[in-house]
Amino acid sequence: MDSNFFIARRLFRDKGDARKVARPAIVIATCGVAIGLAVMIVSVCVVLGFKQEIRSKVIGFGSHVQIQNYAAVTANAPLPVVITDSLMRQVEAVDGVSHVQRFSNKEGILKTDEEFKGVLLRGVGPEFDADFLKAHLEKGEFPEFSDSVASNRIVISREVADELHLDVGDRIFAYFFEQSVRARRFTVAGIYCTHLSEFDDAMVFTDLYTCNRLNAWKPDQYSGLEVSVADFGLLDNVTDKLVNMVNRQTDAYGASYIAMNIEELYPQIFAWLSLLDVNVWVILALMVSVAGFTMVSGLLIIILERTNFIGVMKALGATNRSIRHIFLYFSLFVIGKGLLWGNVIGIGLVVFQSCSGMFKLDAATYYVDVVPVLFHFGYVAAINVATLVICVLALIVPSFLVSHIHPAKAIRFE
């Protein structure tokens, strides 16, 4: 075993005189590292959880990639595009694609005797993956919607239900405006709530057949095709493949296809999520600075209080380099203890929140009602390593203080 390491370990285990300031300084330095690391772990896990929660909700409404009419995207108008069984099979055969489903949109108004509200009616077919909406269903059910028969049933959000004073089983008229006004009577089959107001405020689900009839489209025309990928990390790769497959292609009625992923369809939401990374970097920088500052202060106090020890070591022939190594090893023990407790506290809080959901949020502001957390071992390990390296590097310069301590004066130092 390295003699410097052995001496540093003995110094670290030595409780010393309780009246001296070195012991409290070591405790403060350890606490500084522990608290800083715990805050960093919790911050990163909360941001990761928040980003995943919001992203999953947006994807739940719009899937990962959408194939639509190019003119509909550029003009923001409800224009159809042909979606054939052959096209669906081709898209589903692309590597990384896990599911495809048709959809049609129709803008309209829901009206009761006292209230009315503009909504976006989304028609979905039998292949629609309703797992996301079923997971957020508060009341009622999500029906098996058809593409060939009108169900006259809708699934609305809690926001729409509260605004129009509706409940499951209630009937309501919907009005649609084209050349003339058309009315349909629907029954509320279910009420969902995702707290994502951009969608909850207007999105109403019904069968694909009703939407296509209201749009007066051909049987093979729809608003588009939604494509799900097996892994979000494959999003760009799958998008590029679909762009090469359908972009600049035209359907039987002359409409051009365009493939766009969810980040391109809702750039404002994903740009906002990206800004959260800036907050994380600021927190990491502040916490590492706090940990480094407490360690530097602690090391200086320890060196000054161990002046007599340094003088004896130099008198016995120890070099400045070896003494610096002793105190750096000593600091490593302090940092290591701080990292241990920081991990226990930080990971413990993350696990506790994940299991209990004790800490709540205002859903109207944050789109979630519980603080979301996501533990990522790679990020936590990187934070530990970065904290250790930065703290050690910050201690190198203060350790040179031992070079200015003279043996003759230090041995007489009290």
# chains A, B, ... in the order shown; residues from 1 in each chain; ligands from 1
call {"tool": "residues_around", "arguments": {"residues": "Arg9 in chain A", "least_positions_apart": "4", "cutoff": "8 Å", "atoms": "only C-alpha atoms", "output": "PDB file with N, CA and C atoms, in the first residue's frame"}}
result
ATOM      1  N   PHE A   5      -0.919   7.126   1.085  1.00  0.00           N
ATOM      2  CA  PHE A   5      -2.322   6.729   1.224  1.00  0.00           C
ATOM      3  C   PHE A   5      -2.584   6.225   2.642  1.00  0.00           C
ATOM      4  N   ARG A  13      -9.100   8.907   9.918  1.00  0.00           N
ATOM      5  CA  ARG A  13      -9.768   8.161  10.987  1.00  0.00           C
ATOM      6  C   ARG A  13      -9.505   8.763  12.362  1.00  0.00           C
ATOM      7  N   TYR A 329      -5.009  12.776  -0.777  1.00  0.00           N
ATOM      8  CA  TYR A 329      -5.650  11.510  -0.428  1.00  0.00           C
ATOM      9  C   TYR A 329      -6.676  11.734   0.692  1.00  0.00           C
ATOM     10  N   PHE A 330      -6.275  12.535   1.677  1.00  0.00           N
ATOM     11  CA  PHE A 330      -7.172  12.864   2.781  1.00  0.00           C
ATOM     12  C   PHE A 330      -8.465  13.497   2.232  1.00  0.00           C
ATOM     13  N   PHE A 333     -10.844  11.019   0.719  1.00  0.00           N
ATOM     14  CA  PHE A 333     -11.681  10.322   1.710  1.00  0.00           C
ATOM     15  C   PHE A 333     -12.900  11.174   2.077  1.00  0.00           C
TER      16      PHE A 333
END
call {"tool": "residues_around", "arguments": {"residues": "Trp281 in chain A", "least_positions_apart": "3", "cutoff": "12 Å", "atoms": "only C-alpha atoms", "output": "number ranges by chain"}}
result
A: 40, 43-44, 47, 274-278, 284-288, 383
call {"tool": "write_last_selection", "arguments": {"atoms": "C-alpha atoms", "output": "PDB file, in the first residue's frame"}}
result
ATOM      1  CA  MET A  40     -27.803  17.547  -8.660  1.00  0.00           C
ATOM      2  CA  SER A  43     -32.604  17.984 -10.347  1.00  0.00           C
ATOM      3  CA  VAL A  44     -31.483  15.770 -13.215  1.00  0.00           C
ATOM      4  CA  VAL A  47     -36.046  17.170 -15.402  1.00  0.00           C
ATOM      5  CA  SER A 274     -34.981  21.886 -24.424  1.00  0.00           C
ATOM      6  CA  LEU A 275     -34.795  25.082 -22.357  1.00  0.00           C
ATOM      7  CA  LEU A 276     -35.077  22.959 -19.216  1.00  0.00           C
ATOM      8  CA  ASP A 277     -31.587  21.637 -19.952  1.00  0.00           C
ATOM      9  CA  VAL A 278     -30.214  25.154 -19.402  1.00  0.00           C
ATOM     10  CA  LEU A 284     -25.047  21.597 -11.746  1.00  0.00           C
ATOM     11  CA  ALA A 285     -22.557  24.455 -12.037  1.00  0.00           C
ATOM     12  CA  LEU A 286     -23.757  26.069  -8.798  1.00  0.00           C
ATOM     13  CA  MET A 287     -23.755  22.840  -6.806  1.00  0.00           C
ATOM     14  CA  VAL A 288     -20.312  21.767  -8.037  1.00  0.00           C
ATOM     15  CA  ILE A 383     -22.464  13.415 -12.052  1.00  0.00           C
TER      16      ILE A 383
END
call {"tool": "residues_around", "arguments": {"residues": "Ala216 in chain A", "least_positions_apart": "2", "cutoff": "12 Å", "atoms": "only C-alpha atoms", "output": "PyMOL selection string"}}
result
chain A and resi 78-80+104-106+176+178-179+182+209-214+218-222
call {"tool": "select_by_dssp", "arguments": {"residues": "range 180-221 of chain A", "states": "alpha helix (DSSP H)", "output": "compact mmCIF listing (two decimals) with N, CA and C atoms, in the first residue's frame"}}
result
# COMPACT_ATOMS: atom_id res chain seq x y z
N SER A 197 -53.06 21.04 -21.62
CA SER A 197 -54.17 21.90 -22.02
C SER A 197 -54.23 22.16 -23.52
N GLU A 198 -53.05 22.14 -24.20
CA GLU A 198 -53.05 22.37 -25.64
C GLU A 198 -53.93 21.36 -26.38
N PHE A 199 -54.05 20.17 -25.82
CA PHE A 199 -54.87 19.13 -26.44
C PHE A 199 -56.18 18.91 -25.70
N ASP A 200 -56.13 18.91 -24.38
CA ASP A 200 -57.35 18.68 -23.60
C ASP A 200 -58.40 19.74 -23.88
N LEU A 208 -63.85 7.04 -37.19
CA LEU A 208 -63.28 7.51 -38.45
C LEU A 208 -64.37 7.72 -39.51
N TYR A 209 -65.36 6.86 -39.50
CA TYR A 209 -66.45 6.93 -40.50
C TYR A 209 -67.19 8.26 -40.40
N THR A 210 -67.53 8.69 -39.18
CA THR A 210 -68.27 9.94 -39.00
C THR A 210 -67.47 11.14 -39.48
N CYS A 211 -66.17 11.17 -39.15
CA CYS A 211 -65.33 12.29 -39.57
C CYS A 211 -65.23 12.37 -41.09
N ASN A 212 -65.05 11.24 -41.73
CA ASN A 212 -64.94 11.25 -43.19
C ASN A 212 -66.24 11.67 -43.86
N ARG A 213 -67.37 11.25 -43.29
CA ARG A 213 -68.67 11.68 -43.84
C ARG A 213 -68.86 13.17 -43.68
N LEU A 214 -68.47 13.70 -42.54
CA LEU A 214 -68.60 15.15 -42.31
C LEU A 214 -67.69 15.95 -43.24
N ASN A 215 -66.52 15.39 -43.56
CA ASN A 215 -65.61 16.07 -44.48
C ASN A 215 -65.99 15.87 -45.94
call {"tool": "residues_around", "arguments": {"residues": "range 253-268 of chain A", "least_positions_apart": "4", "cutoff": "7 Å", "atoms": "only C-alpha atoms", "output": "PyMOL selection string"}}
result
chain A and resi 59+62-70+81+239+242-243+246-249+272
call {"tool": "residues_around", "arguments": {"residues": "range 149-166 of chain A", "least_positions_apart": "6", "cutoff": "9 Å", "atoms": "only C-alpha atoms", "output": "PyMOL selection string"}}
result
chain A and resi 110-112+114-117+119+121+137-138+140-143+172+184-195+197+199-210
call {"tool": "write_last_selection", "arguments": {"atoms": "C-alpha atoms", "output": "short mmCIF file (atom, residue, chain, number, x, y, z; two decimals), in the first residue's frame"}}
result
data_model
loop_
_atom_site.label_atom_id
_atom_site.label_comp_id
_atom_site.auth_asym_id
_atom_site.auth_seq_id
_atom_site.Cartn_x
_atom_site.Cartn_y
_atom_site.Cartn_z
CA LEU A 110 -70.28 21.36 -29.25
CA LYS A 111 -73.40 23.11 -27.90
CA THR A 112 -75.61 22.66 -24.88
CA GLU A 114 -76.37 27.22 -22.00
CA GLU A 115 -72.84 26.80 -23.37
CA PHE A 116 -70.92 26.12 -26.58
CA LYS A 117 -67.30 25.30 -27.35
CA VAL A 119 -63.50 21.52 -30.71
CA LEU A 121 -63.16 16.17 -33.76
CA LEU A 137 -59.47 7.90 -18.73
CA GLU A 138 -61.31 9.28 -15.69
CA GLY A 140 -66.63 5.82 -18.87
CA GLU A 141 -64.84 3.89 -21.61
CA PHE A 142 -62.98 4.35 -24.87
CA PRO A 143 -65.14 2.56 -27.49
CA ILE A 172 -74.97 16.77 -26.99
CA ARG A 184 -74.86 15.55 -35.31
CA ARG A 185 -76.01 14.24 -31.97
CA PHE A 186 -73.42 12.41 -29.91
CA THR A 187 -73.41 10.52 -26.63
CA VAL A 188 -70.49 11.03 -24.24
CA ALA A 189 -68.86 7.61 -23.86
CA GLY A 190 -65.84 8.62 -21.77
CA ILE A 191 -63.94 11.49 -20.18
CA TYR A 192 -60.12 11.65 -20.18
CA CYS A 193 -57.66 14.03 -18.54
CA THR A 194 -53.96 14.41 -19.44
CA HIS A 195 -53.47 17.94 -18.01
CA SER A 197 -54.17 21.90 -22.02
CA PHE A 199 -54.87 19.13 -26.44
CA ASP A 200 -57.35 18.68 -23.60
CA ASP A 201 -58.91 22.04 -24.39
CA ALA A 202 -60.26 20.95 -27.78
CA MET A 203 -59.54 17.32 -28.72
CA VAL A 204 -62.64 15.12 -29.01
CA PHE A 205 -62.46 11.53 -30.31
CA THR A 206 -65.04 9.69 -32.40
CA ASP A 207 -65.13 7.09 -35.16
CA LEU A 208 -63.28 7.51 -38.45
CA TYR A 209 -66.45 6.93 -40.50
CA THR A 210 -68.27 9.94 -39.00
#
call {"tool": "closest_residue", "arguments": {"among": "A:Leu393, A:Arg324, A:Gln90, A:Val42", "to": "Phe352 in chain A", "atoms": "only C-alpha atoms"}}
result
A:Val42
call {"tool": "residues_around", "arguments": {"residues": "range 354-367 of chain A", "least_positions_apart": "2", "cutoff": "10 Å", "atoms": "only C-alpha atoms", "output": "list in words"}}
result
Gly49, Phe50, Glu53, Ile54, Lys57, Thr194, His195, Leu196, Ser197, Glu198, Gly348, Leu349, Val350, Val351, Phe352, Asp369, Val370, Val371, Pro372, Val373, Leu374 and Phe375 of chain A
call {"tool": "residues_around", "arguments": {"residues": "range 343-345 of chain A", "least_positions_apart": "6", "cutoff": "8 Å", "atoms": "only C-alpha atoms", "output": "compact mmCIF listing (two decimals) with N, CA and C atoms, in the first residue's frame"}}
result
# COMPACT_ATOMS: atom_id res chain seq x y z
N ALA A 34 -22.12 16.30 -0.08
CA ALA A 34 -23.32 15.45 -0.03
C ALA A 34 -24.55 16.20 -0.50
N LEU A 37 -24.33 17.07 -4.28
CA LEU A 37 -24.57 15.91 -5.13
C LEU A 37 -26.04 15.50 -5.09
N ALA A 38 -26.65 15.52 -3.91
CA ALA A 38 -28.06 15.14 -3.79
C ALA A 38 -28.94 16.08 -4.62
N ILE A 41 -28.50 15.24 -8.34
CA ILE A 41 -29.18 13.99 -8.72
C ILE A 41 -30.68 14.22 -8.82
call {"tool": "atom_distance", "arguments": {"atom1": "CA of Val100 in chain A", "atom2": "CA of Gln52 in chain A"}}
result
21.7 Å
call {"tool": "closest_residue", "arguments": {"among": "A:Leu11, A:Ala71, A:Ala77, A:Ile396", "to": "Arg23 in chain A", "atoms": "only C-alpha atoms"}}
result
A:Leu11
call {"tool": "atom_distance", "arguments": {"atom1": "CA of Ser223 in chain A", "atom2": "CA of Ala252 in chain A"}}
result
15.0 Å
call {"tool": "atom_distance", "arguments": {"atom1": "CA of Ile83 in chain A", "atom2": "CA of Gly224 in chain A"}}
result
7.1 Å
call {"tool": "select_by_dssp", "arguments": {"residues": "range 29-139 of chain A", "states": "strand (DSSP E or B)", "output": "NGL selection string"}}
result
:A and (65-69 or 81-82 or 97-111 or 116-124 or 137-139)
call {"tool": "closest_residue", "arguments": {"among": "A:Arg122, A:Phe173, A:Gly36, A:Leu401", "to": "Glu107 in chain A", "atoms": "only C-alpha atoms"}}
result
A:Arg122
call {"tool": "decode", "arguments": {"residues": "range 148-195 of chain A", "atoms": "N, CA and C atoms", "output": "PDB file, in the first residue's frame"}}
result
ATOM      1  N   SER A 148     -66.377   2.065 -40.720  1.00  0.00           N
ATOM      2  CA  SER A 148     -67.452   1.777 -41.676  1.00  0.00           C
ATOM      3  C   SER A 148     -68.850   2.018 -41.120  1.00  0.00           C
ATOM      4  N   VAL A 149     -68.956   2.252 -39.815  1.00  0.00           N
ATOM      5  CA  VAL A 149     -70.258   2.468 -39.178  1.00  0.00           C
ATOM      6  C   VAL A 149     -70.155   3.633 -38.206  1.00  0.00           C
ATOM      7  N   ALA A 150     -71.184   4.495 -38.205  1.00  0.00           N
ATOM      8  CA  ALA A 150     -71.217   5.623 -37.285  1.00  0.00           C
ATOM      9  C   ALA A 150     -71.622   5.141 -35.901  1.00  0.00           C
ATOM     10  N   SER A 151     -70.854   5.501 -34.904  1.00  0.00           N
ATOM     11  CA  SER A 151     -71.156   5.085 -33.528  1.00  0.00           C
ATOM     12  C   SER A 151     -71.976   6.135 -32.782  1.00  0.00           C
ATOM     13  N   ASN A 152     -71.876   7.385 -33.236  1.00  0.00           N
ATOM     14  CA  ASN A 152     -72.534   8.511 -32.569  1.00  0.00           C
ATOM     15  C   ASN A 152     -72.100   8.641 -31.102  1.00  0.00           C
ATOM     16  N   ARG A 153     -70.861   8.243 -30.827  1.00  0.00           N
ATOM     17  CA  ARG A 153     -70.291   8.350 -29.485  1.00  0.00           C
ATOM     18  C   ARG A 153     -68.999   9.152 -29.552  1.00  0.00           C
ATOM     19  N   ILE A 154     -68.721   9.885 -28.495  1.00  0.00           N
ATOM     20  CA  ILE A 154     -67.494  10.686 -28.428  1.00  0.00           C
ATOM     21  C   ILE A 154     -66.827  10.494 -27.069  1.00  0.00           C
ATOM     22  N   VAL A 155     -65.508  10.739 -27.065  1.00  0.00           N
ATOM     23  CA  VAL A 155     -64.729  10.774 -25.835  1.00  0.00           C
ATOM     24  C   VAL A 155     -64.176  12.181 -25.703  1.00  0.00           C
ATOM     25  N   ILE A 156     -64.490  12.842 -24.602  1.00  0.00           N
ATOM     26  CA  ILE A 156     -64.101  14.239 -24.419  1.00  0.00           C
ATOM     27  C   ILE A 156     -63.141  14.364 -23.239  1.00  0.00           C
ATOM     28  N   SER A 157     -62.517  15.526 -23.123  1.00  0.00           N
ATOM     29  CA  SER A 157     -61.589  15.769 -22.027  1.00  0.00           C
ATOM     30  C   SER A 157     -62.327  16.307 -20.808  1.00  0.00           C
ATOM     31  N   ARG A 158     -61.648  16.274 -19.678  1.00  0.00           N
ATOM     32  CA  ARG A 158     -62.235  16.825 -18.457  1.00  0.00           C
ATOM     33  C   ARG A 158     -62.489  18.315 -18.606  1.00  0.00           C
ATOM     34  N   GLU A 159     -61.602  19.044 -19.306  1.00  0.00           N
ATOM     35  CA  GLU A 159     -61.792  20.477 -19.513  1.00  0.00           C
ATOM     36  C   GLU A 159     -63.068  20.754 -20.284  1.00  0.00           C
ATOM     37  N   VAL A 160     -63.285  19.999 -21.366  1.00  0.00           N
ATOM     38  CA  VAL A 160     -64.499  20.182 -22.165  1.00  0.00           C
ATOM     39  C   VAL A 160     -65.726  19.795 -21.346  1.00  0.00           C
ATOM     40  N   ALA A 161     -65.633  18.698 -20.602  1.00  0.00           N
ATOM     41  CA  ALA A 161     -66.768  18.241 -19.798  1.00  0.00           C
ATOM     42  C   ALA A 161     -67.145  19.275 -18.739  1.00  0.00           C
ATOM     43  N   ASP A 162     -66.150  19.863 -18.078  1.00  0.00           N
ATOM     44  CA  ASP A 162     -66.437  20.858 -17.051  1.00  0.00           C
ATOM     45  C   ASP A 162     -67.005  22.136 -17.655  1.00  0.00           C
ATOM     46  N   GLU A 163     -66.466  22.535 -18.804  1.00  0.00           N
ATOM     47  CA  GLU A 163     -66.923  23.778 -19.420  1.00  0.00           C
ATOM     48  C   GLU A 163     -68.357  23.676 -19.916  1.00  0.00           C
ATOM     49  N   LEU A 164     -68.728  22.492 -20.416  1.00  0.00           N
ATOM     50  CA  LEU A 164     -70.081  22.299 -20.950  1.00  0.00           C
ATOM     51  C   LEU A 164     -71.003  21.578 -19.973  1.00  0.00           C
ATOM     52  N   HIS A 165     -70.462  21.267 -18.765  1.00  0.00           N
ATOM     53  CA  HIS A 165     -71.250  20.587 -17.727  1.00  0.00           C
ATOM     54  C   HIS A 165     -71.791  19.253 -18.244  1.00  0.00           C
ATOM     55  N   LEU A 166     -70.883  18.437 -18.780  1.00  0.00           N
ATOM     56  CA  LEU A 166     -71.264  17.144 -19.335  1.00  0.00           C
ATOM     57  C   LEU A 166     -70.743  16.016 -18.470  1.00  0.00           C
ATOM     58  N   ASP A 167     -71.417  14.879 -18.557  1.00  0.00           N
ATOM     59  CA  ASP A 167     -70.984  13.679 -17.863  1.00  0.00           C
ATOM     60  C   ASP A 167     -71.181  12.493 -18.800  1.00  0.00           C
ATOM     61  N   VAL A 168     -70.609  11.356 -18.422  1.00  0.00           N
ATOM     62  CA  VAL A 168     -70.759  10.151 -19.234  1.00  0.00           C
ATOM     63  C   VAL A 168     -72.234   9.803 -19.379  1.00  0.00           C
ATOM     64  N   GLY A 169     -72.639   9.511 -20.604  1.00  0.00           N
ATOM     65  CA  GLY A 169     -74.031   9.185 -20.886  1.00  0.00           C
ATOM     66  C   GLY A 169     -74.854  10.355 -21.375  1.00  0.00           C
ATOM     67  N   ASP A 170     -74.344  11.594 -21.192  1.00  0.00           N
ATOM     68  CA  ASP A 170     -75.076  12.772 -21.665  1.00  0.00           C
ATOM     69  C   ASP A 170     -75.043  12.845 -23.189  1.00  0.00           C
ATOM     70  N   ARG A 171     -76.084  13.447 -23.741  1.00  0.00           N
ATOM     71  CA  ARG A 171     -76.144  13.654 -25.190  1.00  0.00           C
ATOM     72  C   ARG A 171     -75.936  15.131 -25.492  1.00  0.00           C
ATOM     73  N   ILE A 172     -75.281  15.395 -26.619  1.00  0.00           N
ATOM     74  CA  ILE A 172     -74.972  16.767 -26.985  1.00  0.00           C
ATOM     75  C   ILE A 172     -74.947  16.899 -28.498  1.00  0.00           C
ATOM     76  N   PHE A 173     -75.348  18.068 -28.981  1.00  0.00           N
ATOM     77  CA  PHE A 173     -75.327  18.341 -30.418  1.00  0.00           C
ATOM     78  C   PHE A 173     -73.992  18.965 -30.813  1.00  0.00           C
ATOM     79  N   ALA A 174     -73.508  18.545 -31.977  1.00  0.00           N
ATOM     80  CA  ALA A 174     -72.302  19.131 -32.565  1.00  0.00           C
ATOM     81  C   ALA A 174     -72.676  19.741 -33.910  1.00  0.00           C
ATOM     82  N   TYR A 175     -72.130  20.913 -34.200  1.00  0.00           N
ATOM     83  CA  TYR A 175     -72.455  21.626 -35.443  1.00  0.00           C
ATOM     84  C   TYR A 175     -71.175  21.834 -36.255  1.00  0.00           C
ATOM     85  N   PHE A 176     -71.328  21.632 -37.574  1.00  0.00           N
ATOM     86  CA  PHE A 176     -70.189  21.721 -38.484  1.00  0.00           C
ATOM     87  C   PHE A 176     -70.570  22.625 -39.643  1.00  0.00           C
ATOM     88  N   PHE A 177     -69.634  23.485 -40.015  1.00  0.00           N
ATOM     89  CA  PHE A 177     -69.941  24.533 -40.983  1.00  0.00           C
ATOM     90  C   PHE A 177     -69.113  24.350 -42.252  1.00  0.00           C
ATOM     91  N   GLU A 178     -69.792  24.187 -43.367  1.00  0.00           N
ATOM     92  CA  GLU A 178     -69.160  24.171 -44.697  1.00  0.00           C
ATOM     93  C   GLU A 178     -69.989  25.097 -45.581  1.00  0.00           C
ATOM     94  N   GLN A 179     -70.585  24.539 -46.640  1.00  0.00           N
ATOM     95  CA  GLN A 179     -71.509  25.319 -47.448  1.00  0.00           C
ATOM     96  C   GLN A 179     -72.795  25.576 -46.664  1.00  0.00           C
ATOM     97  N   SER A 180     -73.115  24.618 -45.783  1.00  0.00           N
ATOM     98  CA  SER A 180     -74.291  24.740 -44.931  1.00  0.00           C
ATOM     99  C   SER A 180     -73.943  24.195 -43.548  1.00  0.00           C
ATOM    100  N   VAL A 181     -74.854  24.412 -42.624  1.00  0.00           N
ATOM    101  CA  VAL A 181     -74.634  23.931 -41.267  1.00  0.00           C
ATOM    102  C   VAL A 181     -75.179  22.512 -41.138  1.00  0.00           C
ATOM    103  N   ARG A 182     -74.310  21.620 -40.625  1.00  0.00           N
ATOM    104  CA  ARG A 182     -74.738  20.247 -40.383  1.00  0.00           C
ATOM    105  C   ARG A 182     -74.639  19.949 -38.901  1.00  0.00           C
ATOM    106  N   ALA A 183     -75.594  19.171 -38.416  1.00  0.00           N
ATOM    107  CA  ALA A 183     -75.638  18.861 -36.993  1.00  0.00           C
ATOM    108  C   ALA A 183     -75.574  17.351 -36.789  1.00  0.00           C
ATOM    109  N   ARG A 184     -74.911  16.947 -35.718  1.00  0.00           N
ATOM    110  CA  ARG A 184     -74.857  15.549 -35.314  1.00  0.00           C
ATOM    111  C   ARG A 184     -75.099  15.488 -33.807  1.00  0.00           C
ATOM    112  N   ARG A 185     -75.765  14.421 -33.392  1.00  0.00           N
ATOM    113  CA  ARG A 185     -76.011  14.238 -31.970  1.00  0.00           C
ATOM    114  C   ARG A 185     -75.140  13.094 -31.467  1.00  0.00           C
ATOM    115  N   PHE A 186     -74.340  13.390 -30.454  1.00  0.00           N
ATOM    116  CA  PHE A 186     -73.420  12.406 -29.911  1.00  0.00           C
ATOM    117  C   PHE A 186     -73.758  12.094 -28.457  1.00  0.00           C
ATOM    118  N   THR A 187     -73.320  10.918 -28.035  1.00  0.00           N
ATOM    119  CA  THR A 187     -73.412  10.520 -26.634  1.00  0.00           C
ATOM    120  C   THR A 187     -71.994  10.457 -26.053  1.00  0.00           C
ATOM    121  N   VAL A 188     -71.814  11.036 -24.884  1.00  0.00           N
ATOM    122  CA  VAL A 188     -70.494  11.025 -24.241  1.00  0.00           C
ATOM    123  C   VAL A 188     -70.222   9.621 -23.704  1.00  0.00           C
ATOM    124  N   ALA A 189     -69.205   8.977 -24.278  1.00  0.00           N
ATOM    125  CA  ALA A 189     -68.862   7.605 -23.861  1.00  0.00           C
ATOM    126  C   ALA A 189     -67.801   7.599 -22.767  1.00  0.00           C
ATOM    127  N   GLY A 190     -66.921   8.591 -22.754  1.00  0.00           N
ATOM    128  CA  GLY A 190     -65.843   8.617 -21.771  1.00  0.00           C
ATOM    129  C   GLY A 190     -65.277  10.009 -21.597  1.00  0.00           C
ATOM    130  N   ILE A 191     -64.576  10.207 -20.488  1.00  0.00           N
ATOM    131  CA  ILE A 191     -63.938  11.495 -20.181  1.00  0.00           C
ATOM    132  C   ILE A 191     -62.491  11.217 -19.781  1.00  0.00           C
ATOM    133  N   TYR A 192     -61.540  11.842 -20.483  1.00  0.00           N
ATOM    134  CA  TYR A 192     -60.122  11.651 -20.184  1.00  0.00           C
ATOM    135  C   TYR A 192     -59.526  12.948 -19.646  1.00  0.00           C
ATOM    136  N   CYS A 193     -58.358  12.843 -19.045  1.00  0.00           N
ATOM    137  CA  CYS A 193     -57.659  14.031 -18.544  1.00  0.00           C
ATOM    138  C   CYS A 193     -56.163  13.771 -18.571  1.00  0.00           C
ATOM    139  N   THR A 194     -55.422  14.533 -19.372  1.00  0.00           N
ATOM    140  CA  THR A 194     -53.957  14.412 -19.435  1.00  0.00           C
ATOM    141  C   THR A 194     -53.250  15.626 -18.845  1.00  0.00           C
ATOM    142  N   HIS A 195     -54.013  16.686 -18.524  1.00  0.00           N
ATOM    143  CA  HIS A 195     -53.467  17.945 -18.006  1.00  0.00           C
ATOM    144  C   HIS A 195     -52.639  18.698 -19.052  1.00  0.00           C
TER     145      HIS A 195
END
